[in-house]
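Next comes target37.csv, with CSV, C-alpha atoms.
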```csv
chain,number,residue,atom,x,y,z
W,1,MET,CA,0.0,0.0,0.0
W,2,THR,CA,1.4,3.4,-1.0
W,3,LYS,CA,2.2,5.7,1.9
W,4,GLN,CA,-0.1,8.8,2.1
W,5,ASN,CA,2.4,11.6,2.6
W,6,PRO,CA,1.2,15.1,3.6
W,7,THR,CA,1.1,17.6,0.7
W,8,ALA,CA,0.1,21.2,0.3
W,9,ALA,CA,-3.4,20.1,-0.7
W,10,THR,CA,-3.8,18.2,2.6
W,11,MET,CA,-2.2,20.8,4.9
W,12,ARG,CA,-3.1,24.2,3.4
W,13,ASN,CA,-6.1,26.3,2.6
W,14,LYS,CA,-6.5,26.8,-1.1
W,15,ASP,CA,-6.2,30.6,-0.7
W,16,ASP,CA,-3.0,30.5,1.3
W,17,LEU,CA,-0.3,32.5,-0.5
W,18,ILE,CA,2.4,30.4,-2.1
W,19,VAL,CA,5.4,32.2,-3.5
W,20,ILE,CA,7.5,30.5,-6.2
W,21,ALA,CA,10.9,32.1,-7.1
W,22,GLY,CA,12.4,31.4,-10.5
W,23,ALA,CA,8.9,30.7,-11.9
W,24,GLY,CA,9.9,32.0,-15.3
W,25,GLY,CA,12.1,29.0,-15.7
W,26,PHE,CA,11.7,25.3,-16.2
W,27,ILE,CA,11.2,23.6,-12.8
W,28,ALA,CA,9.6,26.5,-11.0
W,29,GLY,CA,7.3,27.1,-13.9
W,30,ALA,CA,6.1,23.5,-13.7
W,31,LEU,CA,5.7,23.8,-9.9
W,32,THR,CA,3.5,26.9,-10.4
W,33,ARG,CA,1.3,25.0,-12.8
W,34,TYR,CA,1.3,22.0,-10.4
W,35,PHE,CA,-0.1,24.1,-7.5
W,36,HIS,CA,-2.5,25.9,-9.8
W,37,ASP,CA,-3.9,22.6,-11.1
W,38,HIS,CA,-4.3,21.4,-7.5
W,39,GLY,CA,-6.7,24.2,-6.8
W,40,PHE,CA,-4.5,26.8,-5.1
W,41,THR,CA,-5.9,30.3,-5.9
W,42,ASN,CA,-3.3,32.6,-4.4
W,43,ILE,CA,0.1,32.0,-6.1
W,44,ARG,CA,2.8,34.6,-6.6
W,45,ALA,CA,5.3,33.7,-9.3
W,46,VAL,CA,8.6,35.7,-9.4
W,47,ASP,CA,11.4,35.7,-11.9
W,48,LYS,CA,14.0,38.3,-13.2
W,49,LYS,CA,13.2,37.5,-16.8
W,50,PRO,CA,10.8,39.8,-18.6
W,51,LEU,CA,7.4,38.4,-18.5
W,52,PRO,CA,7.2,37.6,-22.3
W,53,GLU,CA,10.3,35.4,-21.9
W,54,TRP,CA,8.8,33.2,-19.2
W,55,TYR,CA,8.7,29.5,-20.2
W,56,GLN,CA,5.2,29.2,-18.8
W,57,ARG,CA,2.6,31.8,-17.8
W,58,VAL,CA,-0.1,30.2,-15.7
W,59,PRO,CA,-3.5,31.9,-15.8
W,60,GLY,CA,-4.7,33.4,-12.6
W,61,VAL,CA,-1.2,33.6,-11.0
W,62,GLU,CA,0.3,36.9,-9.9
W,63,SER,CA,3.5,37.1,-12.0
W,64,LEU,CA,6.2,39.6,-11.0
W,65,CYS,CA,9.4,40.5,-12.8
W,66,LEU,CA,11.8,41.0,-9.9
W,67,ASP,CA,15.6,40.4,-9.5
W,68,LEU,CA,15.8,38.5,-6.2
W,69,THR,CA,19.5,39.3,-5.7
W,70,ASP,CA,18.1,42.6,-4.3
W,71,PRO,CA,16.8,42.4,-0.7
W,72,ASP,CA,14.0,44.9,-1.3
W,73,ASN,CA,12.7,42.8,-4.1
W,74,CYS,CA,12.8,39.7,-1.8
W,75,ARG,CA,10.8,41.5,0.9
W,76,ARG,CA,8.2,42.5,-1.8
W,77,ALA,CA,8.1,38.9,-3.1
W,78,VAL,CA,7.4,37.1,0.2
W,79,GLU,CA,5.0,39.7,1.7
W,80,GLY,CA,2.0,37.8,3.1
W,81,ALA,CA,3.3,34.3,2.1
W,82,VAL,CA,2.8,31.1,4.0
W,83,GLU,CA,5.2,29.0,1.9
W,84,VAL,CA,8.2,30.0,-0.2
W,85,TYR,CA,9.8,27.9,-2.9
W,86,ASN,CA,13.3,29.1,-3.9
W,87,LEU,CA,14.2,27.7,-7.3
W,88,ALA,CA,15.7,31.0,-8.6
W,89,ALA,CA,19.3,30.7,-9.8
W,90,ASP,CA,21.6,31.4,-12.7
W,91,MET,CA,22.3,27.9,-13.9
W,92,GLY,CA,22.1,25.5,-16.9
W,93,GLY,CA,23.8,22.5,-18.3
W,94,MET,CA,27.4,21.6,-18.0
W,95,GLY,CA,28.4,24.1,-20.8
W,96,PHE,CA,27.0,26.9,-18.7
W,97,ILE,CA,28.0,26.0,-15.2
W,98,GLU,CA,31.6,25.3,-16.2
W,99,ARG,CA,32.0,28.6,-18.1
W,100,TYR,CA,30.0,31.0,-15.9
W,101,ARG,CA,31.1,30.1,-12.4
W,102,VAL,CA,30.9,33.6,-11.1
W,103,GLU,CA,27.3,34.0,-12.3
W,104,CYS,CA,26.5,30.7,-10.6
W,105,LEU,CA,28.1,31.7,-7.3
W,106,ARG,CA,26.2,35.0,-7.3
W,107,SER,CA,23.0,33.1,-6.9
W,108,ILE,CA,23.9,32.8,-3.2
W,109,LEU,CA,22.7,36.3,-2.9
W,110,ILE,CA,19.2,35.2,-3.9
W,111,ASN,CA,18.9,32.6,-1.1
W,112,THR,CA,20.7,34.8,1.4
W,113,HIS,CA,18.2,37.6,1.0
W,114,LEU,CA,15.1,35.5,0.3
W,115,ILE,CA,15.4,33.3,3.4
W,116,GLU,CA,15.9,36.4,5.6
W,117,ALA,CA,12.9,38.1,4.1
W,118,ALA,CA,10.9,34.9,4.5
W,119,TYR,CA,11.9,34.6,8.2
W,120,ARG,CA,11.0,38.3,8.8
W,121,ALA,CA,7.7,37.9,7.1
W,122,GLY,CA,6.7,34.9,9.2
W,123,VAL,CA,6.7,32.3,6.4
W,124,ASP,CA,5.9,28.8,7.7
W,125,ARG,CA,7.8,26.7,5.3
W,126,TYR,CA,10.8,27.5,3.0
W,127,PHE,CA,12.0,25.2,0.2
W,128,PHE,CA,15.5,25.4,-1.3
W,129,SER,CA,16.4,23.7,-4.6
W,130,SER,CA,19.9,22.3,-4.2
W,131,SER,CA,21.7,20.0,-6.6
W,132,ALA,CA,23.7,16.8,-7.0
W,133,CYS,CA,26.6,19.2,-7.9
W,134,ALA,CA,26.9,19.7,-4.2
W,135,TYR,CA,28.4,16.2,-3.8
W,136,ASN,CA,32.1,15.5,-3.4
W,137,THR,CA,33.6,15.4,-6.9
W,138,GLU,CA,36.2,12.9,-5.7
W,139,LEU,CA,33.5,10.3,-5.5
W,140,GLN,CA,32.4,10.9,-9.2
W,141,LYS,CA,35.5,10.1,-11.2
W,142,ASP,CA,34.4,6.7,-12.5
W,143,PRO,CA,31.5,6.2,-15.0
W,144,ASN,CA,30.6,3.0,-13.0
W,145,VAL,CA,30.1,5.3,-10.0
W,146,ARG,CA,28.2,4.0,-6.9
W,147,ALA,CA,25.0,6.0,-6.2
W,148,LEU,CA,25.5,9.0,-4.1
W,149,LYS,CA,23.9,9.1,-0.7
W,150,GLU,CA,23.1,12.3,1.3
W,151,SER,CA,26.1,12.0,3.5
W,152,ASP,CA,28.5,12.0,0.5
W,153,ALA,CA,28.4,15.8,0.4
W,154,TYR,CA,31.0,15.8,3.2
W,155,PRO,CA,33.9,16.1,3.4
W,156,ALA,CA,33.1,18.9,1.0
W,157,MET,CA,34.6,19.1,-2.5
W,158,ALA,CA,31.6,20.3,-4.5
W,159,GLU,CA,31.5,21.2,-8.2
W,160,ARG,CA,33.3,24.5,-8.6
W,161,GLY,CA,31.0,27.5,-8.7
W,162,TYR,CA,27.5,26.1,-8.9
W,163,GLY,CA,28.0,23.2,-6.5
W,164,TRP,CA,29.6,25.4,-3.8
W,165,GLU,CA,26.8,27.9,-4.0
W,166,LYS,CA,24.3,25.1,-3.4
W,167,LEU,CA,26.2,23.7,-0.5
W,168,MET,CA,26.6,27.0,1.2
W,169,SER,CA,22.9,27.8,0.7
W,170,GLU,CA,22.0,24.5,2.2
W,171,MET,CA,23.9,25.5,5.3
W,172,PHE,CA,22.0,28.8,5.5
W,173,CYS,CA,18.7,26.8,5.4
W,174,GLN,CA,19.9,24.4,8.2
W,175,GLU,CA,21.0,27.3,10.4
W,176,TYR,CA,17.8,29.3,10.0
W,177,TRP,CA,16.0,26.2,11.4
W,178,ALA,CA,18.6,25.6,14.2
W,179,GLU,CA,18.9,29.2,15.3
W,180,ARG,CA,15.6,30.9,14.3
W,181,GLY,CA,13.1,28.1,14.0
W,182,LEU,CA,12.2,28.6,10.3
W,183,LYS,CA,11.1,25.2,8.8
W,184,THR,CA,13.4,24.7,5.8
W,185,PHE,CA,13.4,21.9,3.3
W,186,ILE,CA,16.3,21.0,0.9
W,187,ALA,CA,16.1,18.7,-2.1
W,188,ARG,CA,19.2,17.9,-4.2
W,189,PHE,CA,18.0,17.6,-7.8
W,190,HIS,CA,19.6,15.1,-10.2
W,191,ASN,CA,19.3,16.3,-13.8
W,192,VAL,CA,15.6,17.3,-14.3
W,193,TYR,CA,14.2,17.2,-17.8
W,194,GLY,CA,10.9,17.5,-19.6
W,195,PRO,CA,8.7,19.7,-21.7
W,196,TYR,CA,8.7,23.5,-21.2
W,197,GLY,CA,12.5,23.3,-20.3
W,198,THR,CA,15.5,25.1,-21.9
W,199,TRP,CA,16.3,23.4,-25.2
W,200,ASP,CA,18.6,25.9,-26.9
W,201,GLY,CA,20.9,28.8,-26.2
W,202,GLY,CA,23.5,27.4,-23.9
W,203,ARG,CA,21.7,26.6,-20.6
W,204,GLU,CA,20.1,23.4,-21.7
W,205,LYS,CA,21.0,20.0,-20.2
W,206,ALA,CA,21.9,16.9,-22.0
W,207,PRO,CA,18.4,15.3,-22.8
W,208,ALA,CA,17.2,18.6,-24.3
W,209,ALA,CA,20.5,19.4,-26.1
W,210,LEU,CA,20.8,16.0,-27.6
W,211,SER,CA,17.1,15.9,-28.6
W,212,ARG,CA,17.6,19.2,-30.4
W,213,LYS,CA,20.7,17.9,-32.2
W,214,VAL,CA,18.8,14.8,-33.4
W,215,ILE,CA,15.9,16.9,-34.6
W,216,GLU,CA,18.3,19.3,-36.4
W,217,ALA,CA,20.1,16.3,-38.0
W,218,LYS,CA,16.8,14.9,-39.3
W,219,ASP,CA,15.6,18.3,-40.6
W,220,THR,CA,18.8,19.1,-42.4
W,221,GLY,CA,19.5,15.6,-43.6
W,222,LYS,CA,23.0,15.8,-42.2
W,223,LEU,CA,22.8,12.5,-40.2
W,224,GLU,CA,25.6,13.1,-37.7
W,225,ILE,CA,25.8,14.3,-34.1
W,226,THR,CA,28.6,15.7,-32.0
W,227,ILE,CA,28.7,14.4,-28.4
W,228,TRP,CA,30.6,16.2,-25.6
W,229,GLY,CA,33.3,14.0,-24.1
W,230,ASP,CA,33.7,10.3,-25.0
W,231,GLY,CA,30.0,9.5,-24.3
W,232,ASN,CA,30.8,7.2,-21.4
W,233,GLN,CA,29.9,9.7,-18.7
W,234,THR,CA,27.0,8.4,-16.7
W,235,ARG,CA,24.0,10.2,-15.2
W,236,SER,CA,20.5,9.7,-14.0
W,237,PHE,CA,17.7,11.9,-15.3
W,238,MET,CA,14.4,12.8,-13.5
W,239,TYR,CA,11.2,13.6,-15.4
W,240,ILE,CA,9.7,17.0,-14.4
W,241,ASP,CA,6.4,15.5,-13.1
W,242,ASP,CA,8.3,13.4,-10.6
W,243,CYS,CA,10.3,16.4,-9.6
W,244,VAL,CA,7.3,18.7,-8.7
W,245,LYS,CA,5.5,15.9,-6.9
W,246,GLY,CA,8.6,15.2,-4.9
W,247,ILE,CA,9.1,18.9,-4.0
W,248,ASP,CA,5.5,19.0,-2.6
W,249,MET,CA,5.9,15.9,-0.4
W,250,ILE,CA,9.4,16.9,0.8
W,251,THR,CA,8.2,20.4,1.8
W,252,HIS,CA,5.4,19.0,3.9
W,253,CYS,CA,7.3,16.2,5.7
W,254,ASP,CA,8.4,17.4,9.2
W,255,ASP,CA,10.8,14.5,9.3
W,256,LEU,CA,12.8,16.3,6.6
W,257,ILE,CA,13.1,19.8,8.2
W,258,ALA,CA,16.6,21.2,7.4
W,259,THR,CA,17.6,17.8,6.1
W,260,PRO,CA,19.1,17.5,2.6
W,261,ILE,CA,17.6,14.7,0.5
W,262,ASN,CA,18.2,13.3,-3.0
W,263,LEU,CA,15.4,14.0,-5.5
W,264,GLY,CA,16.3,12.1,-8.6
W,265,SER,CA,15.9,8.9,-10.6
W,266,SER,CA,18.2,5.9,-9.9
W,267,GLU,CA,18.0,4.8,-13.5
W,268,LEU,CA,21.7,5.2,-14.5
W,269,VAL,CA,22.6,5.6,-18.2
W,270,SER,CA,25.7,6.7,-20.2
W,271,ILE,CA,25.5,9.7,-22.6
W,272,ASN,CA,25.9,7.2,-25.4
W,273,GLN,CA,22.9,5.2,-24.2
W,274,LEU,CA,21.0,8.5,-23.9
W,275,VAL,CA,21.7,9.3,-27.5
W,276,SER,CA,20.6,5.8,-28.5
W,277,LEU,CA,17.3,6.2,-26.7
W,278,ILE,CA,16.7,9.5,-28.5
W,279,GLU,CA,17.6,8.0,-31.9
W,280,GLU,CA,15.0,5.2,-31.1
W,281,ILE,CA,12.3,7.8,-30.5
W,282,ALA,CA,13.3,9.7,-33.6
W,283,GLY,CA,13.5,6.7,-35.8
W,284,VAL,CA,17.0,7.6,-37.0
W,285,LYS,CA,20.6,6.4,-36.7
W,286,LEU,CA,23.3,9.1,-36.7
W,287,GLU,CA,27.1,9.0,-37.2
W,288,ARG,CA,28.7,10.0,-33.9
W,289,HIS,CA,31.6,12.4,-33.4
W,290,TYR,CA,33.1,13.1,-30.0
W,291,ASP,CA,34.4,16.5,-28.8
W,292,LEU,CA,37.0,15.5,-26.2
W,293,ASN,CA,37.7,19.2,-25.4
W,294,ALA,CA,34.1,20.1,-24.6
W,295,PRO,CA,32.8,20.4,-21.0
W,296,ARG,CA,31.8,17.0,-19.7
W,297,GLY,CA,31.4,17.3,-16.0
W,298,VAL,CA,32.1,14.5,-13.6
W,299,ALA,CA,32.6,10.9,-15.0
W,300,GLY,CA,29.6,9.5,-13.2
W,301,ARG,CA,26.7,10.5,-10.9
W,302,ASN,CA,23.7,8.7,-9.7
W,303,SER,CA,21.1,9.1,-7.0
W,304,ASP,CA,21.0,6.7,-4.0
W,305,ASN,CA,17.2,6.7,-3.2
W,306,THR,CA,17.5,4.7,0.0
W,307,PHE,CA,16.7,7.7,2.2
W,308,ILE,CA,13.7,9.1,0.3
W,309,LEU,CA,12.2,5.6,0.1
W,310,GLN,CA,12.6,5.2,3.8
W,311,VAL,CA,11.0,8.5,4.7
W,312,LEU,CA,8.4,8.9,2.0
W,313,GLY,CA,7.9,5.4,0.6
W,314,TRP,CA,8.3,6.9,-2.8
W,315,GLU,CA,10.9,7.7,-5.4
W,316,PRO,CA,10.9,9.2,-9.0
W,317,SER,CA,9.8,6.4,-11.2
W,318,THR,CA,9.0,7.7,-14.7
W,319,PRO,CA,11.0,5.5,-17.1
W,320,LEU,CA,13.6,7.5,-19.1
W,321,LEU,CA,12.3,6.3,-22.5
W,322,GLU,CA,8.8,7.4,-21.6
W,323,GLY,CA,9.8,10.9,-20.3
W,324,LEU,CA,12.2,11.4,-23.3
W,325,ALA,CA,9.5,10.6,-25.8
W,326,LYS,CA,7.3,13.4,-24.4
W,327,THR,CA,10.3,15.8,-24.2
W,328,TYR,CA,11.4,15.1,-27.7
W,329,ALA,CA,7.9,15.7,-29.1
W,330,TRP,CA,7.7,19.0,-27.3
W,331,ILE,CA,11.2,20.2,-28.4
W,332,GLU,CA,10.4,19.1,-32.0
W,333,GLN,CA,7.3,21.3,-32.0
W,334,GLN,CA,9.3,24.2,-30.6
W,335,TYR,CA,12.0,23.7,-33.2
W,336,TYR,CA,9.6,23.9,-36.1
W,337,ASP,CA,7.6,26.7,-34.5
W,338,ARG,CA,10.8,28.8,-34.3
W,339,LYS,CA,11.7,27.8,-37.9
W,340,ALA,CA,8.3,29.2,-38.9
W,341,GLY,CA,9.1,32.5,-37.1
W,342,LYS,CA,7.0,31.9,-34.0
W,343,HIS,CA,8.1,33.0,-30.5
W,344,THR,CA,9.6,30.2,-28.4
W,345,PRO,CA,10.5,31.5,-25.0
W,346,ALA,CA,12.3,28.4,-23.6
W,347,GLY,CA,15.4,29.0,-25.7
W,348,PRO,CA,18.1,31.7,-25.7
W,349,TYR,CA,17.7,34.4,-23.0
W,350,ASN,CA,19.6,37.5,-22.1
W,351,GLY,CA,22.2,37.3,-24.9
W,352,MET,CA,24.0,34.3,-23.4
W,353,PRO,CA,26.3,32.6,-25.9
W,354,LYS,CA,25.3,29.3,-27.4
W,355,THR,CA,27.4,26.6,-25.8
W,356,TYR,CA,25.8,23.4,-27.1
```
Translate this file's structure into structure tokens.
Amino acid sequence: MTKQNPTAATMRNKDDLIVIAGAGGFIAGALTRYFHDHGFTNIRAVDKKPLPEWYQRVPGVESLCLDLTDPDNCRRAVEGAVEVYNLAADMGGMGFIERYRVECLRSILINTHLIEAAYRAGVDRYFFSSSACAYNTELQKDPNVRALKESDAYPAMAERGYGWEKLMSEMFCQEYWAERGLKTFIARFHNVYGPYGTWDGGREKAPAALSRKVIEAKDTGKLEITIWGDGNQTRSFMYIDDCVKGIDMITHCDDLIATPINLGSSELVSINQLVSLIEEIAGVKLERHYDLNAPRGVAGRNSDNTFILQVLGWEPSTPLLEGLAKTYAWIEQQYYDRKAGKHTPAGPYNGMPKTY
């Protein structure tokens, strides 16, 4: 029998104010839609991107264009809130986080100011989106890596830039609970993908980037693909629907207050295997070229889901092939919409160079 975990729907009034930071982007945009679809009528979505550039705009949601590195904007964002979800950060795939470490590190300002504003505003629950990049990189040098458990973040040797920002922000969340009594919740995401995500422009992650490359190859008739690294790097990839459901359950589980927890699939694949799955979906076989000088990240990373299964009796379970098929179909539509001159917001933003 599936465990019935508390969720926002079972703990909150439907008119309680929920604030979602980073809502113009992929995961937070999906989370905004998730709460809206579960009947919540008082949602404030915040992002620094201009409103026309938001990946999703959910009807009936208060949408604000605010840069949350500014403390005054943070105070405005959380005013009257009961719950705050911080998913705002400068981030992207490996091409972005390896080349723009300063921008990634500066995201610490968002959490620093937002959690203080939430505390001062009397917010009841505060969620922080961390990352598997917070884990010790010394444990990720083999493609046949053992799955990472929560304790593997220490002794600390996080991914430069982005990973250290996440680890430090986790510490802020833990100390706000220990010292000030603010209920904080921390999930370490493992490679989230799905429709309405970044698919072009330099911030996209491997499933979207490779899907786009396959679509381009089919469209142009040039049946070849360039893969970053040797293709033996291993990862697990979590479908967006599993991610938002997990965020909801984690944020409403008092056994997880100020306790980092993995939120990711345990289905490990190599990048070469990922390409093969996308080729299967597309019905095409491509000649592969390998760019050994491109950013490739750690050799291997997977999620150990022992803890989340123990606490929630649940883990992300959407099969990779199933999630990829939906993602590929959406990106294909975006690709041809753009080719036809239509506006496709989940692509390049803010003049960032194309890195994939």
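If all atoms listed in the file are the atoms counted, then among W:Gly163, W:Pro316, W:Gly60, W:Gly300 the closest residue to Gly231 of chain W is W:Gly300.
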**Message:** Please list as a list of chain:residue names every residue within 9 Å of Cys133 of chain W, counting all atoms listed in the file and excluding residues in the same chain fewer than 2 positions away.
**Reply:** W:Ser130, W:Ser131, W:Tyr135, W:Asn136, W:Thr137, W:Ala158, W:Glu159, W:Arg160, W:Tyr162, W:Gly163, W:Trp164, W:Lys166, W:Leu167, W:Arg188, W:Phe189, W:His190
**Asked** Hey, what's within 12 Å of Ile331 of chain W if we count all atoms listed in the file and toss same-chain stuff fewer than 4 positions away? As an MDAnalysis selection string, please?
**Response** chainID W and resid 193:200 204 207:216 282 324:327 335:338 344:347
Write out as a PDB file with C-alpha atoms, keeping the file's coordinate frame the residues lying within 7 Å of Thr184 of chain W, counting all atoms listed in the file and excluding same-chain residues fewer than 5 positions away.
```pdb
ATOM      1  CA  ARG W 125       7.800  26.700   5.300  1.00  0.00           C
ATOM      2  CA  TYR W 126      10.800  27.500   3.000  1.00  0.00           C
ATOM      3  CA  PHE W 127      12.000  25.200   0.200  1.00  0.00           C
ATOM      4  CA  CYS W 173      18.700  26.800   5.400  1.00  0.00           C
ATOM      5  CA  GLN W 174      19.900  24.400   8.200  1.00  0.00           C
ATOM      6  CA  TRP W 177      16.000  26.200  11.400  1.00  0.00           C
ATOM      7  CA  ILE W 257      13.100  19.800   8.200  1.00  0.00           C
ATOM      8  CA  ALA W 258      16.600  21.200   7.400  1.00  0.00           C
TER       9      ALA W 258
END
```
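The spacing separating atom CA of Trp314 of chain W from atom CA of Val84 of chain W amounts to 23.2 Å.
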**Request:** Could you check how far atom CA of Ala21 of chain W sits from atom CA of Tyr55 of chain W, in Å to one decimal?
**Result:** 13.5 Å
**One-decimal distance in Å that lies between atom CA of Ile225 of chain W and atom CA of Tyr290 of chain W** = 8.5 Å
**Message:** So, with all atoms listed in the file as the atoms that count, which of W:Lys141, W:Lys218, W:Arg288, W:Arg203 lies closest to Gln233 of chain W?
**Reply:**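 Using all atoms listed in the file, Gln233 of chain W sits closest to W:Lys141.
Compared by their closest atoms to Leu87 of chain W, and using only C-alpha atoms, the residues W:Val244, W:Ala121, W:Val61, W:Leu148 rank with W:Val244 nearest.
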**Request:** Point out the residue among W:Arg44, W:Lys49, W:Arg75, W:Lys3 with the least atom-to-atom distance to Glu62 of chain W, counting all atoms listed in the file.
**Result:**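 Going through W:Arg44, W:Lys49, W:Arg75, W:Lys3 one by one, the smallest distance to Glu62 of chain W is for W:Arg44.
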